[in-house]
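Q: As input, take structure_17.pdb (PDB, C-alpha atoms and all ligand atoms):
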ATOM      1  CA  MET L 765      22.984  22.504  -3.153
ATOM      2  CA  SER L 766      20.043  24.081  -1.317
ATOM      3  CA  GLY L 767      17.156  21.988  -2.575
ATOM      4  CA  SER L 768      15.405  19.263  -0.644
ATOM      5  CA  LEU L 769      13.349  16.200  -1.355
ATOM      6  CA  VAL L 770      10.581  14.978   0.930
ATOM      7  CA  ILE L 771       8.921  11.624   0.240
ATOM      8  CA  ALA L 772       5.553  11.876   1.935
ATOM      9  CA  GLY L 773       2.661   9.526   2.631
ATOM     10  CA  LEU L 774      -0.844  10.941   2.178
ATOM     11  CA  GLY L 775      -2.556   8.158   4.146
ATOM     12  CA  PRO L 776      -5.410   6.025   2.845
ATOM     13  CA  GLY L 777      -7.650   8.838   1.616
ATOM     14  CA  ARG L 778      -9.327  11.036   4.193
ATOM     15  CA  ASP L 779      -7.752  14.450   4.816
ATOM     16  CA  ASP L 780      -7.724  14.115   8.588
ATOM     17  CA  LEU L 781      -5.563  11.010   8.254
ATOM     18  CA  VAL L 782      -2.731  13.079   6.728
ATOM     19  CA  THR L 783      -0.144  13.809   9.424
ATOM     20  CA  PRO L 784       0.587  17.438  10.401
ATOM     21  CA  GLU L 785       4.248  17.113   9.301
ATOM     22  CA  VAL L 786       3.147  16.027   5.814
ATOM     23  CA  THR L 787       0.710  18.957   5.634
ATOM     24  CA  GLN L 788       3.537  21.294   6.611
ATOM     25  CA  ALA L 789       5.884  19.854   3.957
ATOM     26  CA  LEU L 790       3.147  20.257   1.308
ATOM     27  CA  ASP L 791       2.598  23.888   2.400
ATOM     28  CA  GLN L 792       6.317  24.644   1.966
ATOM     29  CA  ALA L 793       6.803  22.802  -1.336
ATOM     30  CA  THR L 794       7.695  24.432  -4.637
ATOM     31  CA  ASP L 795       7.040  21.218  -6.589
ATOM     32  CA  ILE L 796       4.843  18.195  -6.009
ATOM     33  CA  VAL L 797       5.448  15.002  -7.935
ATOM     34  CA  GLY L 798       3.370  11.823  -7.969
ATOM     35  CA  TYR L 799       0.879   9.484  -9.560
ATOM     36  CA  ILE L 800      -2.052  11.460 -11.068
ATOM     37  CA  PRO L 801      -4.789  10.608  -8.478
ATOM     38  CA  TYR L 802      -2.458  11.389  -5.559
ATOM     39  CA  VAL L 803      -1.343  14.763  -6.951
ATOM     40  CA  ALA L 804      -5.040  15.508  -7.538
ATOM     41  CA  ARG L 805      -5.486  15.491  -3.750
ATOM     42  CA  ILE L 806      -3.229  18.569  -3.411
ATOM     43  CA  ALA L 807      -4.890  22.001  -3.572
ATOM     44  CA  PRO L 808      -3.210  24.252  -6.156
ATOM     45  CA  ARG L 809      -1.744  27.562  -4.949
ATOM     46  CA  ASP L 810       0.555  30.316  -6.272
ATOM     47  CA  GLY L 811       4.188  29.283  -6.414
ATOM     48  CA  LEU L 812       3.401  25.565  -6.404
ATOM     49  CA  ASN L 813       4.096  23.441  -9.484
ATOM     50  CA  LEU L 814       2.200  20.159  -9.725
ATOM     51  CA  HIS L 815       3.827  17.330 -11.731
ATOM     52  CA  PRO L 816       1.335  14.453 -12.032
ATOM     53  CA  SER L 817       2.564  11.372 -13.881
ATOM     54  CA  ASP L 818       1.146   8.038 -14.929
ATOM     55  CA  ASN L 819       1.381   4.768 -13.051
ATOM     56  CA  ARG L 820       4.386   2.517 -13.743
ATOM     57  CA  VAL L 821       6.820   5.362 -14.360
ATOM     58  CA  GLU L 822       8.160   5.353 -10.811
ATOM     59  CA  MET L 823      11.846   5.495 -11.763
ATOM     60  CA  GLU L 824      11.428   8.443 -14.148
ATOM     61  CA  ARG L 825       9.352  10.193 -11.498
ATOM     62  CA  ALA L 826      12.019   9.573  -8.847
ATOM     63  CA  ARG L 827      14.812  10.884 -11.097
ATOM     64  CA  HIS L 828      12.757  13.918 -12.086
ATOM     65  CA  ALA L 829      12.163  14.759  -8.420
ATOM     66  CA  LEU L 830      15.871  14.364  -7.587
ATOM     67  CA  GLU L 831      16.819  16.586 -10.560
ATOM     68  CA  MET L 832      14.424  19.318  -9.451
ATOM     69  CA  ALA L 833      15.715  19.134  -5.879
ATOM     70  CA  ALA L 834      19.317  19.293  -7.185
ATOM     71  CA  ALA L 835      18.312  22.448  -9.077
ATOM     72  CA  GLY L 836      17.215  24.043  -5.777
ATOM     73  CA  GLY L 837      13.515  23.123  -5.503
ATOM     74  CA  ARG L 838      11.688  22.116  -2.344
ATOM     75  CA  VAL L 839      10.242  18.986  -3.882
ATOM     76  CA  VAL L 840       7.683  16.658  -2.332
ATOM     77  CA  ILE L 841       6.931  13.249  -3.838
ATOM     78  CA  VAL L 842       3.551  11.981  -2.688
ATOM     79  CA  SER L 843       2.468   8.360  -2.254
ATOM     80  CA  SER L 844      -0.808   7.054  -0.903
ATOM     81  CA  GLY L 845      -0.640   5.419   2.503
ATOM     82  CA  ASP L 846       2.960   5.175   3.655
ATOM     83  CA  PRO L 847       5.687   6.036   1.116
ATOM     84  CA  GLY L 848       7.857   3.161   2.332
ATOM     85  CA  VAL L 849       5.214   0.477   1.720
ATOM     86  CA  PHE L 850       5.231  -0.661  -1.932
ATOM     87  CA  ALA L 851       5.621   2.964  -2.979
ATOM     88  CA  MET L 852       7.963   5.797  -3.934
ATOM     89  CA  ALA L 853      10.524   5.856  -1.099
ATOM     90  CA  ALA L 854      12.319   2.725  -2.300
ATOM     91  CA  ALA L 855      12.136   3.973  -5.920
ATOM     92  CA  VAL L 856      13.890   7.201  -4.889
ATOM     93  CA  PHE L 857      16.668   5.294  -3.132
ATOM     94  CA  GLU L 858      17.087   3.057  -6.196
ATOM     95  CA  ALA L 859      17.468   6.189  -8.333
ATOM     96  CA  LEU L 860      19.864   7.691  -5.784
ATOM     97  CA  GLU L 861      22.022   4.560  -5.750
ATOM     98  CA  ASP L 862      22.458   4.655  -9.544
ATOM     99  CA  GLY L 863      22.444   8.440  -9.949
ATOM    100  CA  PRO L 864      25.101  11.161 -10.028
ATOM    101  CA  GLU L 865      27.250  11.618  -6.919
ATOM    102  CA  GLN L 866      25.900  15.160  -6.326
ATOM    103  CA  TRP L 867      22.396  13.788  -5.525
ATOM    104  CA  ARG L 868      23.825  12.234  -2.349
ATOM    105  CA  ALA L 869      24.407  15.727  -0.909
ATOM    106  CA  LEU L 870      20.678  16.483  -1.036
ATOM    107  CA  GLU L 871      18.563  16.731   2.069
ATOM    108  CA  ILE L 872      16.160  13.803   1.688
ATOM    109  CA  SER L 873      13.515  12.841   4.219
ATOM    110  CA  VAL L 874      10.766  10.243   4.322
ATOM    111  CA  LEU L 875       7.560  11.203   6.154
ATOM    112  CA  PRO L 876       5.378   8.266   7.171
ATOM    113  CA  GLY L 877       1.682   7.885   6.498
ATOM    114  CA  ILE L 878      -1.041   5.462   7.535
ATOM    115  CA  THR L 879      -0.684   2.481   5.271
ATOM    116  CA  ALA L 880      -3.750   0.742   3.797
ATOM    117  CA  MET L 881      -3.459  -2.442   5.857
ATOM    118  CA  LEU L 882      -3.439  -0.484   9.136
ATOM    119  CA  ALA L 883      -6.372   1.689   8.111
ATOM    120  CA  ALA L 884      -8.291  -1.438   7.050
ATOM    121  CA  SER L 885      -7.316  -3.364  10.146
ATOM    122  CA  ALA L 886      -8.529  -0.553  12.407
ATOM    123  CA  ARG L 887     -11.901  -0.427  10.627
ATOM    124  CA  ALA L 888     -12.390  -4.182  11.044
ATOM    125  CA  GLY L 889     -11.093  -4.524  14.624
ATOM    126  CA  ALA L 890      -7.582  -5.930  15.149
ATOM    127  CA  PRO L 891      -6.861  -8.691  12.615
ATOM    128  CA  LEU L 892      -3.147  -7.785  12.686
ATOM    129  CA  GLY L 893      -3.014  -8.038  16.480
ATOM    130  CA  HIS L 894      -0.346 -10.736  16.401
ATOM    131  CA  ASP L 895       2.432 -11.701  13.939
ATOM    132  CA  PHE L 896       1.676 -10.768  10.356
ATOM    133  CA  CYS L 897       3.311 -10.028   7.029
ATOM    134  CA  ALA L 898       2.504  -7.858   4.019
ATOM    135  CA  ILE L 899       2.832  -9.191   0.482
ATOM    136  CA  ASN L 900       2.544  -7.224  -2.743
ATOM    137  CA  LEU L 901       0.670  -9.463  -5.186
ATOM    138  CA  SER L 902       1.681  -7.423  -8.227
ATOM    139  CA  ASP L 903       3.946  -9.336 -10.569
ATOM    140  CA  ASN L 904       5.262  -6.193 -12.280
ATOM    141  CA  LEU L 905       8.602  -6.394 -10.509
ATOM    142  CA  LYS L 906       8.852 -10.032  -9.385
ATOM    143  CA  PRO L 907       8.010 -13.413 -10.895
ATOM    144  CA  ARG L 908       4.851 -15.271  -9.857
ATOM    145  CA  GLU L 909       6.961 -18.156  -8.501
ATOM    146  CA  VAL L 910       8.435 -15.788  -5.894
ATOM    147  CA  ILE L 911       4.975 -14.559  -4.890
ATOM    148  CA  GLU L 912       3.654 -18.117  -4.579
ATOM    149  CA  ARG L 913       6.641 -19.308  -2.558
ATOM    150  CA  ARG L 914       6.254 -16.404  -0.108
ATOM    151  CA  LEU L 915       2.521 -17.079   0.221
ATOM    152  CA  ARG L 916       3.120 -20.770   0.880
ATOM    153  CA  LEU L 917       5.784 -20.169   3.497
ATOM    154  CA  ALA L 918       3.812 -17.398   5.238
ATOM    155  CA  ALA L 919       0.727 -19.623   5.359
ATOM    156  CA  GLU L 920       2.766 -22.509   6.752
ATOM    157  CA  ALA L 921       4.249 -20.186   9.403
ATOM    158  CA  ASP L 922       0.680 -19.169  10.347
ATOM    159  CA  PHE L 923       1.079 -15.433   9.799
ATOM    160  CA  ALA L 924      -1.935 -13.226   9.257
ATOM    161  CA  MET L 925      -1.314 -11.661   5.838
ATOM    162  CA  ALA L 926      -2.102  -8.353   4.201
ATOM    163  CA  PHE L 927      -2.178  -8.356   0.413
ATOM    164  CA  TYR L 928      -1.568  -5.174  -1.565
ATOM    165  CA  ASN L 929      -2.290  -4.816  -5.293
ATOM    166  CA  PRO L 930      -4.422  -7.973  -5.193
ATOM    167  CA  ARG L 931      -5.912  -7.819  -8.632
ATOM    168  CA  SER L 932      -4.700  -6.093 -11.722
ATOM    169  CA  ARG L 933      -6.858  -5.428 -14.745
ATOM    170  CA  ALA L 934      -4.124  -6.914 -16.918
ATOM    171  CA  ARG L 935      -3.854 -10.218 -15.000
ATOM    172  CA  PRO L 936      -7.135 -10.982 -13.182
ATOM    173  CA  GLU L 937      -6.384 -14.742 -13.109
ATOM    174  CA  GLY L 938      -3.414 -14.299 -10.747
ATOM    175  CA  PHE L 939      -5.559 -13.564  -7.688
ATOM    176  CA  ALA L 940      -7.782 -16.614  -8.340
ATOM    177  CA  ARG L 941      -4.647 -18.761  -8.156
ATOM    178  CA  VAL L 942      -3.587 -17.034  -4.948
ATOM    179  CA  LEU L 943      -6.941 -17.830  -3.314
ATOM    180  CA  ASP L 944      -6.738 -21.484  -4.449
ATOM    181  CA  LEU L 945      -3.215 -21.822  -3.085
ATOM    182  CA  LEU L 946      -4.231 -20.326   0.275
ATOM    183  CA  ARG L 947      -7.352 -22.517   0.563
ATOM    184  CA  GLY L 948      -5.116 -25.545  -0.069
ATOM    185  CA  ILE L 949      -2.937 -24.703   2.949
ATOM    186  CA  CYS L 950      -5.249 -22.802   5.333
ATOM    187  CA  GLY L 951      -8.559 -24.605   4.699
ATOM    188  CA  GLY L 952     -11.851 -22.899   3.918
ATOM    189  CA  GLY L 953     -12.968 -21.655   7.327
ATOM    190  CA  ARG L 954     -10.492 -18.865   7.882
ATOM    191  CA  PRO L 955     -11.845 -15.294   7.774
ATOM    192  CA  ILE L 956     -10.648 -13.060   4.958
ATOM    193  CA  LEU L 957     -11.317  -9.316   4.842
ATOM    194  CA  PHE L 958     -11.761  -7.345   1.633
ATOM    195  CA  ALA L 959     -11.345  -3.665   2.476
ATOM    196  CA  ARG L 960     -11.979  -1.346  -0.455
ATOM    197  CA  ALA L 961     -11.151   2.376  -0.615
ATOM    198  CA  VAL L 962     -10.805   2.601   3.157
ATOM    199  CA  SER L 963     -11.515   6.075   4.588
ATOM    200  CA  THR L 964     -12.979   7.388   1.322
ATOM    201  CA  PRO L 965     -16.677   7.837   0.413
ATOM    202  CA  ASP L 966     -16.412   4.542  -1.548
ATOM    203  CA  GLU L 967     -15.295   2.517   1.467
ATOM    204  CA  ALA L 968     -16.655  -1.044   1.623
ATOM    205  CA  LEU L 969     -15.589  -3.857   3.955
ATOM    206  CA  HIS L 970     -16.555  -7.516   3.541
ATOM    207  CA  ILE L 971     -15.512 -10.473   5.655
ATOM    208  CA  VAL L 972     -16.149 -13.990   4.335
ATOM    209  CA  PRO L 973     -14.759 -17.454   5.070
ATOM    210  CA  LEU L 974     -11.868 -18.205   2.722
ATOM    211  CA  ARG L 975     -13.967 -20.885   0.983
ATOM    212  CA  ASP L 976     -16.378 -18.166  -0.224
ATOM    213  CA  ALA L 977     -13.697 -15.679  -1.342
ATOM    214  CA  ARG L 978     -13.920 -14.798  -5.052
ATOM    215  CA  PRO L 979     -11.353 -12.882  -7.094
ATOM    216  CA  GLU L 980     -13.922 -10.247  -8.088
ATOM    217  CA  MET L 981     -14.306  -9.238  -4.432
ATOM    218  CA  ALA L 982     -11.022  -7.336  -4.844
ATOM    219  CA  ASP L 983      -9.924  -4.634  -7.231
ATOM    220  CA  MET L 984      -6.909  -2.332  -7.297
ATOM    221  CA  ARG L 985      -8.379  -0.150  -4.523
ATOM    222  CA  THR L 986      -8.737  -3.130  -2.178
ATOM    223  CA  VAL L 987      -6.380  -4.375   0.484
ATOM    224  CA  VAL L 988      -7.065  -7.954   1.551
ATOM    225  CA  ILE L 989      -6.321  -9.343   4.996
ATOM    226  CA  LEU L 990      -6.317 -13.087   5.594
ATOM    227  CA  GLY L 991      -6.398 -14.129   9.236
ATOM    228  CA  SER L 992      -4.063 -16.583  10.932
ATOM    229  CA  SER L 993      -5.468 -19.819  12.356
ATOM    230  CA  ARG L 994      -6.316 -17.856  15.538
ATOM    231  CA  THR L 995      -8.165 -14.943  13.906
ATOM    232  CA  ARG L 996     -11.870 -14.865  14.721
ATOM    233  CA  ILE L 997     -15.033 -12.781  14.698
ATOM    234  CA  ILE L 998     -16.777 -11.383  17.779
ATOM    235  CA  GLU L 999     -20.435 -10.532  17.317
ATOM    236  CA  GLY L1000     -21.387  -7.225  18.928
ATOM    237  CA  ALA L1001     -24.889  -5.809  19.375
ATOM    238  CA  THR L1002     -24.710  -3.652  16.245
ATOM    239  CA  ARG L1003     -21.670  -4.925  14.370
ATOM    240  CA  SER L1004     -18.982  -7.570  14.475
ATOM    241  CA  TRP L1005     -15.214  -7.273  14.896
ATOM    242  CA  LEU L1006     -12.425  -9.280  13.371
ATOM    243  CA  TYR L1007      -9.476  -9.839  15.654
ATOM    244  CA  THR L1008      -6.386 -11.926  16.258
ATOM    245  CA  PRO L1009      -5.506 -12.593  19.900
ATOM    246  CA  ARG L1010      -1.999 -11.641  21.054
ATOM    247  CA  SER L1011      -0.932 -15.140  22.068
ATOM    248  CA  ALA L1012       0.790 -17.745  19.858
TER     249      ALA L1012
HETATM  250  N1  LIG E   1       1.873   3.018  -0.219
HETATM  251  C1  LIG E   1       0.512   2.501  -0.171
HETATM  252  C2  LIG E   1       0.370   1.223  -0.992
HETATM  253  C3  LIG E   1       0.556   1.433  -2.474
HETATM  254  S1  LIG E   1       0.266  -0.031  -3.402
HETATM  255  C4  LIG E   1       0.109   2.273   1.286
HETATM  256  O1  LIG E   1       0.969   2.327   2.165
HETATM  257  O2  LIG E   1      -1.081   2.056   1.544
HETATM  258  C5  LIG E   1      -1.447   0.241  -3.878
HETATM  259  C6  LIG E   1      -2.346  -0.740  -3.131
HETATM  260  O3  LIG E   1      -2.560  -0.261  -1.810
HETATM  261  C7  LIG E   1      -3.736  -0.896  -3.700
HETATM  262  O4  LIG E   1      -3.764  -1.831  -4.771
HETATM  263  C8  LIG E   1      -4.491  -1.431  -2.509
HETATM  264  O5  LIG E   1      -4.189  -2.809  -2.303
HETATM  265  C9  LIG E   1      -3.844  -0.657  -1.364
HETATM  266  N2  LIG E   1      -4.576   0.566  -0.982
HETATM  267  C10 LIG E   1      -4.140   1.841  -1.066
HETATM  268  N3  LIG E   1      -5.055   2.699  -0.553
HETATM  269  C11 LIG E   1      -6.089   1.945  -0.123
HETATM  270  C12 LIG E   1      -7.327   2.242   0.526
HETATM  271  N4  LIG E   1      -7.688   3.488   0.827
HETATM  272  N5  LIG E   1      -8.141   1.202   0.819
HETATM  273  C13 LIG E   1      -7.790  -0.072   0.540
HETATM  274  N6  LIG E   1      -6.632  -0.406  -0.060
HETATM  275  C14 LIG E   1      -5.799   0.585  -0.389
END
Any chance you could give the structure as structure tokens?
A:
Amino acid sequence: MSGSLVIAGLGPGRDDLVTPEVTQALDQATDIVGYIPYVARIAPRDGLNLHPSDNRVEMERARHALEMAAAGGRVVIVSSGDPGVFAMAAAVFEALEDGPEQWRALEISVLPGITAMLAASARAGAPLGHDFCAINLSDNLKPREVIERRLRLAAEADFAMAFYNPRSRARPEGFARVLDLLRGICGGGRPILFARAVSTPDEALHIVPLRDARPEMADMRTVVILGSSRTRIIEGATRSWLYTPRSA
């Protein structure tokens, strides 16, 4: 079996945030698989087949990529950000676990990318400078009770928190409940960052106290970072920075 499968992260948006090893894998690919807007970031060329697919079909996409690699292709699956963070790498391993034995002989590699929370954190300062966690707020693959329990425990443990998939079009009320739950435990004074479309022309960052946070401040292109009890703002001459000190 001579094919290979690379699971690559394209970073948060800007081309110069794609790593050189990902660029090289894309240049050598015969097939590129991924969610439509991510595949749209790849320039077409002779000998390259693009296979864009819709959201929410991750398992079919993973199996399709494995099948093409098993047939001898040099296949790259693209994710935004990092492929291991709420993205395709885990979907591929789920497909591999349940798939035919021969898939396990394939050469499979995961190439990291800059994940949204790190791109957002860097733009704002250093809000993830001490202990933090990342929580996917989508309830596609887990019940709301699990999300709420994790939020409660993380807030009680005083982690800074990064929230991915904060607000879906299908369930806008979920994020309002998340904000209420967090205000109940953390109080209203804590800074919360809404970072939208980081590193793209649509980038917008807003920091407000948790008491003023509204669900409509986030959409599906926003990553949200809530500070710990130690996170604060420093006012500079021309801008401010959000940061969490490294101690306790
Ligand atoms: N694998 C991706 C995350 C995929 S989940 C990564 O590592 O970044 C999709 C969620 O990621 C979005 O709902 C949003 O919360 C976040 N996201 C992805 N790109 C972003 C960007 N450029 N700016 C802000 N948030 C982003």
Q: Within 8 Å of (-5.6, -13.8, 4.0) (coordinates as in the file), grab all the protein and nucleic acid residues, counting all atoms listed in the file, and write them out as a PyMOL selection string.
A: chain L and resi 924-927+946+955-957+974+988-992
Q: So which residues are close to (11.0, -2.5, -12.4), meaning at most 12 Å away in the file's coordinates with all atoms listed in the file counted, and can you show them as a list in words?
A: Arg820, Val821, Glu822, Met823, Glu824, Ala854, Ala855, Glu858, Ala859, Ser902, Asp903, Asn904, Leu905, Lys906 and Pro907 of chain L
Q: With C-alpha atoms retained, could you export that selection as a PDB file, in the coordinates of the input?
A:
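Generated file (selection_39.pdb):
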ATOM      1  CA  ARG L 820       4.386   2.517 -13.743  1.00  0.00           C
ATOM      2  CA  VAL L 821       6.820   5.362 -14.360  1.00  0.00           C
ATOM      3  CA  GLU L 822       8.160   5.353 -10.811  1.00  0.00           C
ATOM      4  CA  MET L 823      11.846   5.495 -11.763  1.00  0.00           C
ATOM      5  CA  GLU L 824      11.428   8.443 -14.148  1.00  0.00           C
ATOM      6  CA  ALA L 854      12.319   2.725  -2.300  1.00  0.00           C
ATOM      7  CA  ALA L 855      12.136   3.973  -5.920  1.00  0.00           C
ATOM      8  CA  GLU L 858      17.087   3.057  -6.196  1.00  0.00           C
ATOM      9  CA  ALA L 859      17.468   6.189  -8.333  1.00  0.00           C
ATOM     10  CA  SER L 902       1.681  -7.423  -8.227  1.00  0.00           C
ATOM     11  CA  ASP L 903       3.946  -9.336 -10.569  1.00  0.00           C
ATOM     12  CA  ASN L 904       5.262  -6.193 -12.280  1.00  0.00           C
ATOM     13  CA  LEU L 905       8.602  -6.394 -10.509  1.00  0.00           C
ATOM     14  CA  LYS L 906       8.852 -10.032  -9.385  1.00  0.00           C
ATOM     15  CA  PRO L 907       8.010 -13.413 -10.895  1.00  0.00           C
TER      16      PRO L 907
END
Q: Excluding same-chain residues fewer than 6 positions from Ala834 (chain L), what lies within 9 Å of it counting only C-alpha atoms, as a list in words?
A: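 These residues fall inside the cut-off: Met765, Ser766, Gly767, Ser768, Leu769, Gln866, Trp867, Ala869 and Leu870 of chain L.
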Q: So that each row is one residue of chain L with an atom at most 9 Å from ligand LIG 1 (chain E), can you give its shortest atom pair and the distance in Å to one decimal, using all atoms listed in the file, rows by chain and rising number, as CSV?
A:
residue,atom,partner,partner_atom,distance
L:Gly773,CA,E:LIG1,N1,7.1
L:Leu774,CA,E:LIG1,N1,8.7
L:Gly775,CA,E:LIG1,O2,6.8
L:Pro776,CA,E:LIG1,N4,4.0
L:Gly777,CA,E:LIG1,N4,5.4
L:Arg778,CA,E:LIG1,N4,8.4
L:Ser843,CA,E:LIG1,N1,5.7
L:Ser844,CA,E:LIG1,C1,4.8
L:Gly845,CA,E:LIG1,C4,3.5
L:Asp846,CA,E:LIG1,O1,3.8
L:Pro847,CA,E:LIG1,N1,5.0
L:Gly848,CA,E:LIG1,N1,6.5
L:Val849,CA,E:LIG1,N1,4.6
L:Phe850,CA,E:LIG1,C3,5.2
L:Ala851,CA,E:LIG1,N1,4.7
L:Met852,CA,E:LIG1,N1,7.7
L:Pro876,CA,E:LIG1,O1,8.9
L:Gly877,CA,E:LIG1,O1,7.1
L:Ile878,CA,E:LIG1,O1,6.5
L:Thr879,CA,E:LIG1,O1,3.5
L:Ala880,CA,E:LIG1,O2,3.7
L:Met881,CA,E:LIG1,O2,6.7
L:Leu882,CA,E:LIG1,O2,8.3
L:Ala883,CA,E:LIG1,N5,7.5
L:Ala884,CA,E:LIG1,C13,6.7
L:Asn900,CA,E:LIG1,S1,7.6
L:Leu901,CA,E:LIG1,O5,8.7
L:Ser902,CA,E:LIG1,O4,8.5
L:Ala926,CA,E:LIG1,O5,8.8
L:Phe927,CA,E:LIG1,O5,6.5
L:Tyr928,CA,E:LIG1,O5,3.6
L:Asn929,CA,E:LIG1,O4,3.4
L:Pro930,CA,E:LIG1,O5,5.9
L:Arg931,CA,E:LIG1,O4,7.4
L:Ser932,CA,E:LIG1,O4,8.2
L:Phe958,CA,E:LIG1,C13,8.4
L:Ala959,CA,E:LIG1,C13,5.4
L:Arg960,CA,E:LIG1,C13,4.5
L:Ala961,CA,E:LIG1,N5,3.5
L:Val962,CA,E:LIG1,N5,3.8
L:Ser963,CA,E:LIG1,N4,6.0
L:Thr964,CA,E:LIG1,N4,6.6
L:Glu967,CA,E:LIG1,N5,7.3
L:Ala968,CA,E:LIG1,N5,8.8
L:Ala982,CA,E:LIG1,O5,8.6
L:Asp983,CA,E:LIG1,O4,7.2
L:Met984,CA,E:LIG1,O4,4.1
L:Arg985,CA,E:LIG1,C8,4.6
L:Thr986,CA,E:LIG1,N6,4.0
L:Val987,CA,E:LIG1,O5,3.9
L:Val988,CA,E:LIG1,O5,7.0
Q: Could you tell me how far CA of Arg916 (chain L) lies from CA of Leu945 (chain L), in Å and to one decimal?
A: 7.5 Å
Q: When you count all atoms listed in the file, which of these residues is closest to Ala804 (chain L): L:Ala918, L:Ala826, L:Val842, L:Val786?
A: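 Result for the nearest residue to Ala804 (chain L): L:Val842.
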Q: Just say which residues the PyMOL selection byres (((chain L and resi 794-796) around 8) and not hetatm) picks in this file, as a compact mmCIF listing (two decimals) with C-alpha atoms, keeping the file's coordinate frame.
A:
# COMPACT_ATOMS: atom_id res chain seq x y z
CA LEU L 790 3.15 20.26 1.31
CA GLN L 792 6.32 24.64 1.97
CA ALA L 793 6.80 22.80 -1.34
CA VAL L 797 5.45 15.00 -7.94
CA GLY L 798 3.37 11.82 -7.97
CA VAL L 803 -1.34 14.76 -6.95
CA GLY L 811 4.19 29.28 -6.41
CA LEU L 812 3.40 25.56 -6.40
CA ASN L 813 4.10 23.44 -9.48
CA LEU L 814 2.20 20.16 -9.72
CA HIS L 815 3.83 17.33 -11.73
CA PRO L 816 1.34 14.45 -12.03
CA GLY L 837 13.52 23.12 -5.50
CA ARG L 838 11.69 22.12 -2.34
CA VAL L 839 10.24 18.99 -3.88
CA VAL L 840 7.68 16.66 -2.33
CA ILE L 841 6.93 13.25 -3.84
CA VAL L 842 3.55 11.98 -2.69
Q: Counting all atoms listed in the file, which of L:Pro808, L:Gly836, L:Gly1000, L:Gly951 gets nearest to Asp976 (chain L)?
A: L:Gly951
Q: Separation of CA of Asp944 (chain L) and CA of Phe923 (chain L), in Å?
A: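 That distance, rounded to one decimal, is 17.3 Å.
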Q: Hey, can you check how far CA of His970 (chain L) sits from CA of Arg908 (chain L)?
A: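 That distance, rounded to one decimal, is 26.4 Å.
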